[in-house]
Every structure is written in C-alpha cells, then in structure tokens.
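Trainee: Provided herewith is a single structure, encoded as structure tokens, for subsequent inquiry.
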Amino acid sequence: MPAITLPDGSVRSFDATVTGTTVAASIGPGLARAALAMKVDGRLVDLSTEIAADAAVVFVTRRDEIALEMIRHDCAHVLAEAVQELFPGTQVTIGPSIENGFYYDFARNEPFTTEDFPAIEAKMREIVARNAPFVRSVIDRDEGIAYFTAKGEKYKAELIRDLPDAETITLYSQGDWIDLCRGPHMRGTGDVGTAFKLMKVAGAYWRGDHRNAMLSRIYGTAWRDQKELDAHLHMLAEAEKRDHRRIGKEMGLFHLQEEATGSVFWHPKGWKLYRRAEDYMRRRLDLSGYQEVKTPQLIDRALWEASGHWEKFREHMFVAKVEDEDKTLALKPMNCPGHVQIFKQGLRSYRELPLRMAEFGACHRYEPSGALHGIMRVRSFVQDDAHIFCTEARIADETVRFVALLSSIYADFGFPEFRVKFSTRPDLRAGTDEVWDHAEGALAEACATAGVDYTINPGEGAFYGPKLEFVLRDAIGRDWQCGTLQVDLVLPERLDAEYVAEDGSRKRPVMLHRAILGSFERFLGIMIEQYAGRFPVWLAPVQVVVATIVSDADEYAGEVAAALRAAGLTVTLDTTNQKINAKIREHSVQHVPVIAVVGRKEAEERKVALRRLGGEAQTVLGLDEAVGLLRAEASPPDLARA
C-alpha cells in the first residue's frame, strides 16, 4: 500500500503498486492532462513508472523548467525517426538535448544539408501528430547487441557493448521505431509539440575522436510553444547582427589568424577600447585597497605539481622543455600559485590581513580549435584576477566588499542586474570532505551577510573550493557568466602559506579567488555585442570625428580637434574632399558616437554642430561649450563621480 506524499504535504494511499499516470488522475483531470513526467523521491522518471513503496512525488508539467529539457530530448528522438523514414539505410548514433535545443548524429554516406530540412521537419510534424506513446523496455545486453547488429545499427551495438556491466539497458519505442535510451521521456510524441526548428548541420567525429568516422550532425531548437520559439529565433537574428567578430572587423578593432590560433591581434582602435577598460579597472582596484603585482609567464612544473594543477589541469596547459637545464616549464593557465609565492616572501603578520593582491595576468590554456570563438573563447587571454588572503573571520566582510565593488563595476559597464549561482564541490577535487563542508558553509554564511540570493549549481565548483558565479544578462536576453568568488582552504595548505596570528601561532590564511570581468578578451566581446559596437562615449575607441563641409573650414577644424584632444578625448580629423553626408555615413558605420561638423559659418562664429550617432538632428554650440560638454560625456563613470 504505497503512500504518495505530494508537494503540498497531502498524502494519498493506494492499495497496490501504482503508476504516475494513475496518481495524477486521482488528483484531478486537469493534472492528468498536464502531467508529462514525475520526480519520485527527487529522481525524474516516466509517468508509466510503477511506485511500489512510500514515496514523495512531484509532477512535471509544461510550465516547469525541466520540461524544456524533456521536450528537446524527445524532439531528438522524433528527428531520428523522421530521418530514418525519409533516408533508409541511415544509422542513428547519439542524440542529446543541449542548451536551447538538441542534436542527433547520423552515419550516412552523403552528409545532410540544410536543403533536407523542409522535408525532415514536415515528417517530424507527422510523427508528432501520431502521438505514439513512449514505451520503455529492459533488454539483456547480448540480446540488445544482437538486435541492433541485425538492424545494421553498428553504432548502437557498440554503445551497448561499452556500457558498464552493472548498467540496466533500456529501449524506448515510439510506435514501430525503437531507440537505445536511458530516458526518461514524456508520455508520447505529441507532447513534443510543433515549436521546433532545424538550425544547422555540421560534421562530428564518432565519440569526438578524430580517428573515428565522420558523422553528419543535425542541430535543432525546441521550445514549449511558438511564442518561445519566435522569441529565440528573434534573439538569434539579433545576435547575428551583433556578432563581435563582424563588428570587430567593420570597426577595425582586432583580427585573428591561423599562425596564432586562439590569440588576438589588437589593432589601434581595439587596443584603445581595451586600455579604457583596463585603466578603469585599475583605478577601481586601487581605490578598493588592492595591491597590483606581476608574476612570471613560465613556471616550473614542480610548482604546478605542488598546487595540484598539474594533475587536474595538465591537458589544458602549454609546456616548454628547457633542454640544457632538464626542466619542464608551463605557461601559466592561472595566477593563483604565483600569488601564493609572493605572499610567502617574508613572515606575514595577522596585521597585514586582509591582503588583496591583484594582477592583470596573461594566461594560456589549450582549447580545442573547434571550441574557439572569436575573442570570447581563446587560448591566450588576460584575467582581471585577484586573491584576497584573510582570516576565516573576515570571509563574510570581504564577500560584502567584493559584491559591492562588482555591482558598481557591472552597472558602470551597462549591466545593472545580475544573478548568482553557488557552485558546490565537483567529483574531481582536492581536499577532504571536512574541508569542503567548512568552505561551503563559510561561503553560504558570507552570502547571507552580503544579502546575496543564489541558486545552487551542483558539482560545478573549482577543484580547490566552492564558488559564486555572477551571471550577466545582455540586451537581447543572453546570459554570460563573468565574475567569480571562490573560498579556498586547500591551496594555502598545499603551498605552505602561513601567517603569524595574534597569539604568536602560525596559521593558514583563507584564500579568496575573485574576478569581475573574467577575461578582458571575453568581456570585451560581450561588450561589443551588448552595445552592437555603439559604445558610450567614455568607452568608444574614437569618441569624436571633426568633419568639414568645405575646405575653407580645414584650419578651424584643426583647432576644434586640438581643443578636444587637449580635453582628453580621442579625436579623428576628417578634411577629405567627400561630401558631408558621405562622411557622416562612413563614420556612422564605424559607430563613432559624436560627429562635430564645421563649415564656413561655424568657422566664422567659432562654433561646432554636434551630430549624435543614429540621429539626424544637430546641436550647434560654441567651441568652449562643446568641448566642456564632450569632456563630461567622455569622463569614465568612476571619475565623473569623484
């Protein structure tokens, strides 16, 4: 007689083993229609799963966030069935749900193209309309291998063959079509709905190994309803318009090339943008009590072994052999072990804590070439990195200070709101469970003190400590994880960092790893897309163009440009023979925020006509007034507040 406890605390008892479908129906016809799956004691399962013992049950409906993942998972199955109906002889391999959608890899002599999409999508809609139920069955390992081998599905047979001996092998059917899958699934193909779209095709090696066969991967996106799908497609269209790679090329900010894969060539205007951000960050850190340092790029393998990075991070590190010294050096992938070395120089007193040590540290990490993306995912980057060495009693205070600083900086860059994820211990980690219990408890307490609300991000902490992840939302609704704060009780122990406490004893400091932008390259890529290249005046690489209407105004235009430069602005002088409308179009494409137009009249009256990016109106001001106005607009937010 299982007793089913529902989310509202009520309990329903049944005389015999019961399925989720029966439980939902006993509650009411509305839930029976809406329920797609259920969680039994926290585990997501099919509605058809039998419940034989007392359990807590939560039903999943289309409104729930987890339903999106199920819709996408089931849509991948619908895609695979559609492909095999339309293209007999195609083998199916693996088809998971992913962020915003799903994909399925197919083995076929002729790769798919986007021209195949209309027919595939039409067939998918037919399958959805059939509303064939998803039916789970358990199969013996040898029987499963024989079944898929007989169907010519060698990839599925290989997957079964490589599963752990203890793994339960399950199949799911949807009508006559059967796939190998752990599940769970919704009730039937009709639950997928029609808010899906196939997006692109790509090549993918079987199991991600270049030595294996190349498969044809079809990507799709799927949502709860058409409104959500339309919003996503609109966001993608906006993202394409804002692509930092295209805008960066148009504005002449940077370029990338194969001879330096994953590294950025900053052009003068791009470097101006970079330096404006860096100078701003440096001023903010100086005023917040950070001491800036610089640590070596190449560090002996021995230090990385001592810190634990060699074991946990070696595959992402670039190494160099020093033959005449028989040494192995590594380009640093992060700054923390170097900062501990500076902390250890001399005997530290508790009076020196908290010690806030910052570095704009150049780091290198190996990223597969297929994972690189413009300047947002690179192999060579600069972190706005810092480490705070403090006592345990100061963790909460330093968290409050950090969150206040981060909030102010994000607001200055145009991101007034963010959300926080609390990332807990990963499977692969350093330190004992007792140490992790202590570190996670301390960080949770610090969040309470700082008034930080968060969601749990299980298993995503750093290998040496739990962390907070600060997630920005941009102008078109995309989320970007940038800042982090990590509580580390492990690295100071591994690298033997200590200080003299008030009672004369030696103690280990707590090490708070923190970043706000994350990496300059990635953050500037986000900024380019956030503003679509139309930066506020204080950040813009070129802040003002002084453009002449006639050559008679050239001399005065030079005076205007000189006055603006003397006021600290970055100015371009355009005295070419083009007509003024052509000049305005040219500099608008370059996203220059202000064009100062001068002709004979302006020269005679010592005035300028200011034209704003995206506008047609002009404001005519005296030269001194215009310089004062633009000087104020070009002042970085922190200096404007001073």
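By order in the structure tokens, chains are A, B, ...; within a chain, residues start at 1; ligands start at 1, following the order shown.
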List the neighbours of Arg522 of chain A out to 8 Å using only C-alpha atoms; skip same-chain residues closer than 2 positions along the sequence, and give me the result as number ranges by chain.

Mentor: A: 375-377, 518-520, 524-526

Trainee: For N, CA and C atoms, I'd like the residues from the last selection saved as a compact mmCIF listing (two decimals), in the first residue's frame.

Mentor:
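The result, stored in part-v4.txt:
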# COMPACT_ATOMS: atom_id res chain seq x y z
N ILE A 375 36.92 36.35 -30.01
CA ILE A 375 37.73 36.72 -28.85
C ILE A 375 37.05 36.28 -27.55
N MET A 376 35.92 35.57 -27.69
CA MET A 376 35.21 35.14 -26.48
C MET A 376 35.75 33.83 -25.92
N ARG A 377 36.32 33.01 -26.77
CA ARG A 377 36.97 31.79 -26.28
C ARG A 377 38.28 31.65 -27.02
N GLY A 518 36.35 38.52 -15.59
CA GLY A 518 36.69 37.17 -16.01
C GLY A 518 37.94 37.22 -16.86
N SER A 519 37.80 37.43 -18.15
CA SER A 519 38.94 37.74 -19.01
C SER A 519 38.58 38.97 -19.82
N PHE A 520 39.60 39.81 -20.07
CA PHE A 520 39.35 41.04 -20.82
C PHE A 520 38.83 40.72 -22.22
N LEU A 524 35.19 41.99 -23.38
CA LEU A 524 35.08 42.98 -24.44
C LEU A 524 34.26 42.44 -25.61
N GLY A 525 34.36 41.14 -25.87
CA GLY A 525 33.49 40.55 -26.88
C GLY A 525 32.03 40.68 -26.48
N ILE A 526 31.74 40.42 -25.21
CA ILE A 526 30.37 40.59 -24.70
C ILE A 526 29.94 42.04 -24.84

Trainee: Excluding same-chain residues fewer than 3 positions from segment 400-410 of chain A, what lies within 9 Å of it counting only C-alpha atoms, as JSON, numbers by chain?

Mentor: {"A": [281, 284, 285, 288, 395, 396, 397, 413, 414, 415, 416, 417, 418, 446, 447, 449, 450, 451, 452, 472, 483, 485, 514, 515, 516, 517, 638]}

Trainee: Those residues you just picked out, can you put them in a file as a tab-separated table (two decimals), in the first residue's frame with C-alpha atoms?

Mentor:
chain	number	residue	atom	x	y	z
A	281	MET	CA	39.51	48.57	-13.65
A	284	ARG	CA	38.67	50.84	-9.16
A	285	LEU	CA	41.05	48.27	-7.69
A	288	SER	CA	39.46	49.36	-3.15
A	395	ILE	CA	35.37	35.89	4.79
A	396	ALA	CA	31.94	37.49	5.18
A	397	ASP	CA	33.30	41.06	5.34
A	413	PHE	CA	29.61	48.90	-17.92
A	414	GLY	CA	25.86	48.84	-18.54
A	415	PHE	CA	24.79	45.72	-16.65
A	416	PRO	CA	22.76	46.93	-13.64
A	417	GLU	CA	21.43	43.45	-12.79
A	418	PHE	CA	22.98	40.02	-12.39
A	446	ALA	CA	29.07	35.09	3.73
A	447	CYS	CA	26.25	35.21	1.16
A	449	THR	CA	25.74	38.50	5.41
A	450	ALA	CA	26.12	40.15	1.99
A	451	GLY	CA	22.43	39.69	1.17
A	452	VAL	CA	23.27	37.61	-1.90
A	472	LEU	CA	25.02	38.96	-16.54
A	483	GLY	CA	32.67	37.16	-12.24
A	485	LEU	CA	34.37	34.39	-5.93
A	514	ARG	CA	38.00	36.51	-7.32
A	515	ALA	CA	37.47	38.01	-10.75
A	516	ILE	CA	34.94	40.53	-12.00
A	517	LEU	CA	35.27	40.69	-15.78
A	638	ASP	CA	34.22	56.48	-11.63

Trainee: Record the distance separating atom CA of Gly346 of chain A and atom CA of Glu493 of chain A, expressed in Å with one decimal.

Mentor: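 Atom CA of Glu493 of chain A lies 17.1 Å from atom CA of Gly346 of chain A.
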
Trainee: Between A:Arg283, A:Arg379, A:Arg348, A:Arg356, which has the minimum distance to His316 of chain A (counting only C-alpha atoms)?

Mentor: A:Arg379

Trainee: Taking the DSSP secondary structure from the backbone, can you list the residues of segment 87-212 of chain A that are alpha helix (DSSP H), as a PyMOL selection string?

Mentor: chain A and resi 117-130+141-150+154-162

Trainee: DSSP on the backbone: what in segment 145-282 of chain A comes out strand (DSSP E), as number ranges by chain?

Mentor: A: 170-174, 177-180, 196-205, 214-222, 254-255, 265-266

Trainee: Which residues, written as a PDB file with C-alpha atoms, in the first residue's frame, have at least one atom at most 12 Å from Ala80 of chain A, with only C-alpha atoms counted and residues fewer than 4 positions away on the same chain left out?

Mentor:
ATOM      1  CA  HIS A  73      15.303  15.146 -25.674  1.00  0.00           C
ATOM      2  CA  ASP A  74      12.087  13.746 -27.131  1.00  0.00           C
ATOM      3  CA  CYS A  75      12.394  16.015 -30.162  1.00  0.00           C
ATOM      4  CA  ALA A  76      15.788  14.451 -30.895  1.00  0.00           C
ATOM      5  CA  GLN A  84      15.280   7.043 -40.963  1.00  0.00           C
ATOM      6  CA  GLU A  85      11.829   7.122 -42.557  1.00  0.00           C
ATOM      7  CA  LEU A  86      13.000   9.547 -45.235  1.00  0.00           C
ATOM      8  CA  PHE A  87      16.529   8.222 -45.745  1.00  0.00           C
ATOM      9  CA  PRO A  88      16.558   4.413 -45.345  1.00  0.00           C
ATOM     10  CA  THR A  90      20.960   5.925 -42.295  1.00  0.00           C
ATOM     11  CA  GLN A  91      22.316   4.814 -38.911  1.00  0.00           C
ATOM     12  CA  VAL A  92      21.477   6.710 -35.722  1.00  0.00           C
ATOM     13  CA  THR A  93      24.179   7.204 -33.102  1.00  0.00           C
ATOM     14  CA  ILE A  94      23.780   9.713 -30.235  1.00  0.00           C
ATOM     15  CA  GLY A  95      21.197  12.492 -29.846  1.00  0.00           C
ATOM     16  CA  PRO A  96      21.161  14.514 -26.593  1.00  0.00           C
ATOM     17  CA  PHE A 102      19.186  19.226 -29.324  1.00  0.00           C
ATOM     18  CA  TYR A 103      21.216  17.429 -31.954  1.00  0.00           C
ATOM     19  CA  TYR A 104      21.476  13.944 -33.418  1.00  0.00           C
ATOM     20  CA  ASP A 105      24.500  12.409 -35.139  1.00  0.00           C
ATOM     21  CA  PHE A 106      23.831  10.221 -38.166  1.00  0.00           C
ATOM     22  CA  ALA A 107      26.057   7.826 -40.088  1.00  0.00           C
ATOM     23  CA  ILE A 120      12.603  16.380 -42.360  1.00  0.00           C
ATOM     24  CA  GLU A 121      10.619  18.995 -40.434  1.00  0.00           C
ATOM     25  CA  LYS A 123       7.992  14.362 -41.386  1.00  0.00           C
ATOM     26  CA  MET A 124       8.684  15.330 -37.754  1.00  0.00           C
ATOM     27  CA  ILE A 127       5.301  11.906 -36.146  1.00  0.00           C
ATOM     28  CA  GLN A 174       7.513   5.270 -30.265  1.00  0.00           C
ATOM     29  CA  TRP A 177      10.519   2.934 -34.140  1.00  0.00           C
ATOM     30  CA  ILE A 178      12.909   1.888 -31.320  1.00  0.00           C
ATOM     31  CA  ASP A 179      15.990   3.565 -29.877  1.00  0.00           C
ATOM     32  CA  LEU A 180      18.533   2.825 -27.171  1.00  0.00           C
ATOM     33  CA  ARG A 217      25.152  16.170 -37.109  1.00  0.00           C
ATOM     34  CA  ILE A 218      21.810  17.957 -37.345  1.00  0.00           C
ATOM     35  CA  TYR A 219      21.156  20.668 -34.755  1.00  0.00           C
ATOM     36  CA  GLY A 220      17.687  21.852 -33.813  1.00  0.00           C
TER      37      GLY A 220
END

Trainee: Using only C-alpha atoms, find the one residue out of A:Asp412, A:Glu115, A:Asp142, A:Glu604 that sits nearest to Ala553 of chain A.

Mentor: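 Result for the nearest residue to Ala553 of chain A: A:Glu604.
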
Trainee: Give me the residues near Pro133 of chain A as a list in words, where near means some atom within 9 Å (using only C-alpha atoms) and where sequence neighbours in that chain fewer than 3 positions away do not count.

Mentor: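 Returned residues: Ser173, Gln174, Gly175, Met186, Arg187, Gly188, Thr189 and Gly190 of chain A.
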
Trainee: With C-alpha atoms kept, could you save the residues just selected as a tab-separated table (two decimals), in the first residue's frame?

Mentor:
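Okay, part_24.tsv is ready:
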chain	number	residue	atom	x	y	z
A	173	SER	CA	9.73	2.67	-28.64
A	174	GLN	CA	7.51	5.27	-30.27
A	175	GLY	CA	5.23	3.23	-32.44
A	186	MET	CA	7.23	12.31	-21.80
A	187	ARG	CA	4.01	10.40	-22.49
A	188	GLY	CA	4.19	10.38	-26.28
A	189	THR	CA	5.48	12.14	-29.37
A	190	GLY	CA	2.53	14.54	-29.25

Trainee: Would you mind listing what lies within 12 Å of Arg282 of chain A as a short mmCIF file (atom, residue, chain, number, x, y, z; two decimals) with N, CA and C atoms, in the first residue's frame, with only C-alpha atoms counted and same-chain residues fewer than 2 positions away left out?

Mentor:
data_model
loop_
_atom_site.label_atom_id
_atom_site.label_comp_id
_atom_site.auth_asym_id
_atom_site.auth_seq_id
_atom_site.Cartn_x
_atom_site.Cartn_y
_atom_site.Cartn_z
N ARG A 275 42.37 49.37 -23.44
CA ARG A 275 43.05 50.18 -22.42
C ARG A 275 42.05 51.01 -21.62
N ARG A 276 40.99 51.47 -22.25
CA ARG A 276 39.99 52.22 -21.48
C ARG A 276 39.40 51.32 -20.39
N ALA A 277 39.07 50.08 -20.76
CA ALA A 277 38.53 49.15 -19.77
C ALA A 277 39.57 48.82 -18.70
N GLU A 278 40.80 48.58 -19.11
CA GLU A 278 41.85 48.23 -18.16
C GLU A 278 42.15 49.40 -17.21
N ASP A 279 42.25 50.61 -17.75
CA ASP A 279 42.53 51.77 -16.90
C ASP A 279 41.42 51.98 -15.87
N TYR A 280 40.18 51.79 -16.33
CA TYR A 280 39.05 51.92 -15.41
C TYR A 280 39.16 50.88 -14.30
N ARG A 284 39.62 51.38 -10.13
CA ARG A 284 38.67 50.84 -9.16
C ARG A 284 39.38 49.95 -8.13
N LEU A 285 40.33 49.15 -8.60
CA LEU A 285 41.05 48.27 -7.69
C LEU A 285 41.95 49.06 -6.75
N ASP A 286 42.61 50.08 -7.28
CA ASP A 286 43.48 50.91 -6.44
C ASP A 286 42.69 51.52 -5.28
N LEU A 287 41.51 52.03 -5.59
CA LEU A 287 40.69 52.68 -4.56
C LEU A 287 40.07 51.66 -3.60
N SER A 288 40.06 50.40 -4.00
CA SER A 288 39.46 49.36 -3.15
C SER A 288 40.49 48.61 -2.33
N GLY A 289 41.71 49.11 -2.33
CA GLY A 289 42.73 48.53 -1.45
C GLY A 289 43.46 47.33 -1.99
N TYR A 290 43.48 47.16 -3.32
CA TYR A 290 44.23 46.06 -3.92
C TYR A 290 45.65 46.52 -4.25
N GLN A 291 46.59 45.59 -4.11
CA GLN A 291 47.97 45.85 -4.50
C GLN A 291 48.24 45.07 -5.78
N GLU A 292 48.66 45.78 -6.82
CA GLU A 292 48.87 45.11 -8.10
C GLU A 292 50.25 44.48 -8.16
N VAL A 293 50.30 43.26 -8.69
CA VAL A 293 51.55 42.53 -8.83
C VAL A 293 51.67 41.99 -10.25
N ALA A 358 46.21 41.85 -6.66
CA ALA A 358 45.58 41.85 -7.98
C ALA A 358 46.61 41.74 -9.09
N GLU A 359 46.20 41.15 -10.20
CA GLU A 359 47.08 41.07 -11.38
C GLU A 359 46.22 41.01 -12.64
N PHE A 360 46.61 41.81 -13.62
CA PHE A 360 46.06 41.64 -14.95
C PHE A 360 46.97 40.62 -15.63
N ASP A 384 41.29 39.61 -15.10
CA ASP A 384 41.32 40.65 -14.07
C ASP A 384 41.27 39.92 -12.73
N ASP A 385 42.37 39.30 -12.43
CA ASP A 385 42.44 38.32 -11.36
C ASP A 385 42.90 38.97 -10.06
N ALA A 386 42.42 38.46 -8.94
CA ALA A 386 42.91 38.92 -7.65
C ALA A 386 42.68 37.81 -6.63
N ILE A 409 30.82 48.07 -10.64
CA ILE A 409 31.54 47.95 -11.91
C ILE A 409 30.60 47.47 -13.02
N ASP A 638 33.59 56.35 -12.94
CA ASP A 638 34.22 56.48 -11.63
C ASP A 638 34.81 57.87 -11.43
#

Trainee: Please determine, counting only C-alpha atoms, which residue among A:Asn131, A:Thr5, A:Gln530, A:Ser635 has the shortest atom-to-atom distance to Ile51 of chain A.

Mentor: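 Using only C-alpha atoms, Ile51 of chain A sits closest to A:Thr5.
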
Trainee: Would you mind listing what lies within 12 Å of His232 of chain A as a list of chain:residue names, with only C-alpha atoms counted and same-chain residues fewer than 6 positions away left out?

Mentor: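 Here the qualifying residues turn out to be A:Glu99, A:Asn100, A:Gly101, A:Ala195, A:Phe196, A:Lys197, A:Met199, A:Gly220, A:Thr221, A:Ala222, A:Trp223, A:Arg224, A:Asp225, A:Gln226, A:Glu238, A:Ala239, A:Ile476, A:Gly477, A:Arg478.
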
Trainee: Suppose we keep C-alpha atoms; can you now write the selection as an mmCIF file, in the first residue's frame?

Mentor:
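Final file, out_36.cif:
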data_model
loop_
_atom_site.group_PDB
_atom_site.id
_atom_site.type_symbol
_atom_site.label_atom_id
_atom_site.label_comp_id
_atom_site.auth_asym_id
_atom_site.auth_seq_id
_atom_site.Cartn_x
_atom_site.Cartn_y
_atom_site.Cartn_z
ATOM 1 C CA GLU A 99 21.286 24.312 -24.246
ATOM 2 C CA ASN A 100 18.371 25.771 -26.252
ATOM 3 C CA GLY A 101 17.875 22.625 -28.301
ATOM 4 C CA ALA A 195 7.575 24.667 -31.633
ATOM 5 C CA PHE A 196 10.801 23.309 -33.098
ATOM 6 C CA LYS A 197 13.104 24.192 -35.959
ATOM 7 C CA MET A 199 19.040 25.014 -37.439
ATOM 8 C CA GLY A 220 17.687 21.852 -33.813
ATOM 9 C CA THR A 221 15.975 24.074 -31.299
ATOM 10 C CA ALA A 222 12.740 23.250 -29.456
ATOM 11 C CA TRP A 223 10.522 25.198 -27.060
ATOM 12 C CA ARG A 224 7.290 24.919 -25.131
ATOM 13 C CA ASP A 225 5.270 26.947 -27.626
ATOM 14 C CA GLN A 226 5.515 29.056 -30.771
ATOM 15 C CA GLU A 238 19.791 39.976 -33.207
ATOM 16 C CA ALA A 239 22.861 38.031 -32.106
ATOM 17 C CA ILE A 476 18.943 40.594 -26.126
ATOM 18 C CA GLY A 477 18.419 38.258 -23.180
ATOM 19 C CA ARG A 478 21.523 36.059 -23.279
#

Trainee: Take atom CA of Cys363 of chain A and atom CA of Ile388 of chain A and report the distance between them in Å, one decimal.

Mentor: 19.3 Å

Trainee: Please identify all polymer residues within 7 Å of Arg136 of chain A, counting only C-alpha atoms, omitting same-chain residues fewer than 3 positions from it, and present them as a list in words.

Mentor: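 Listing them by chain and then by number gives Thr170, Leu171, Tyr172 and Ser173 of chain A.
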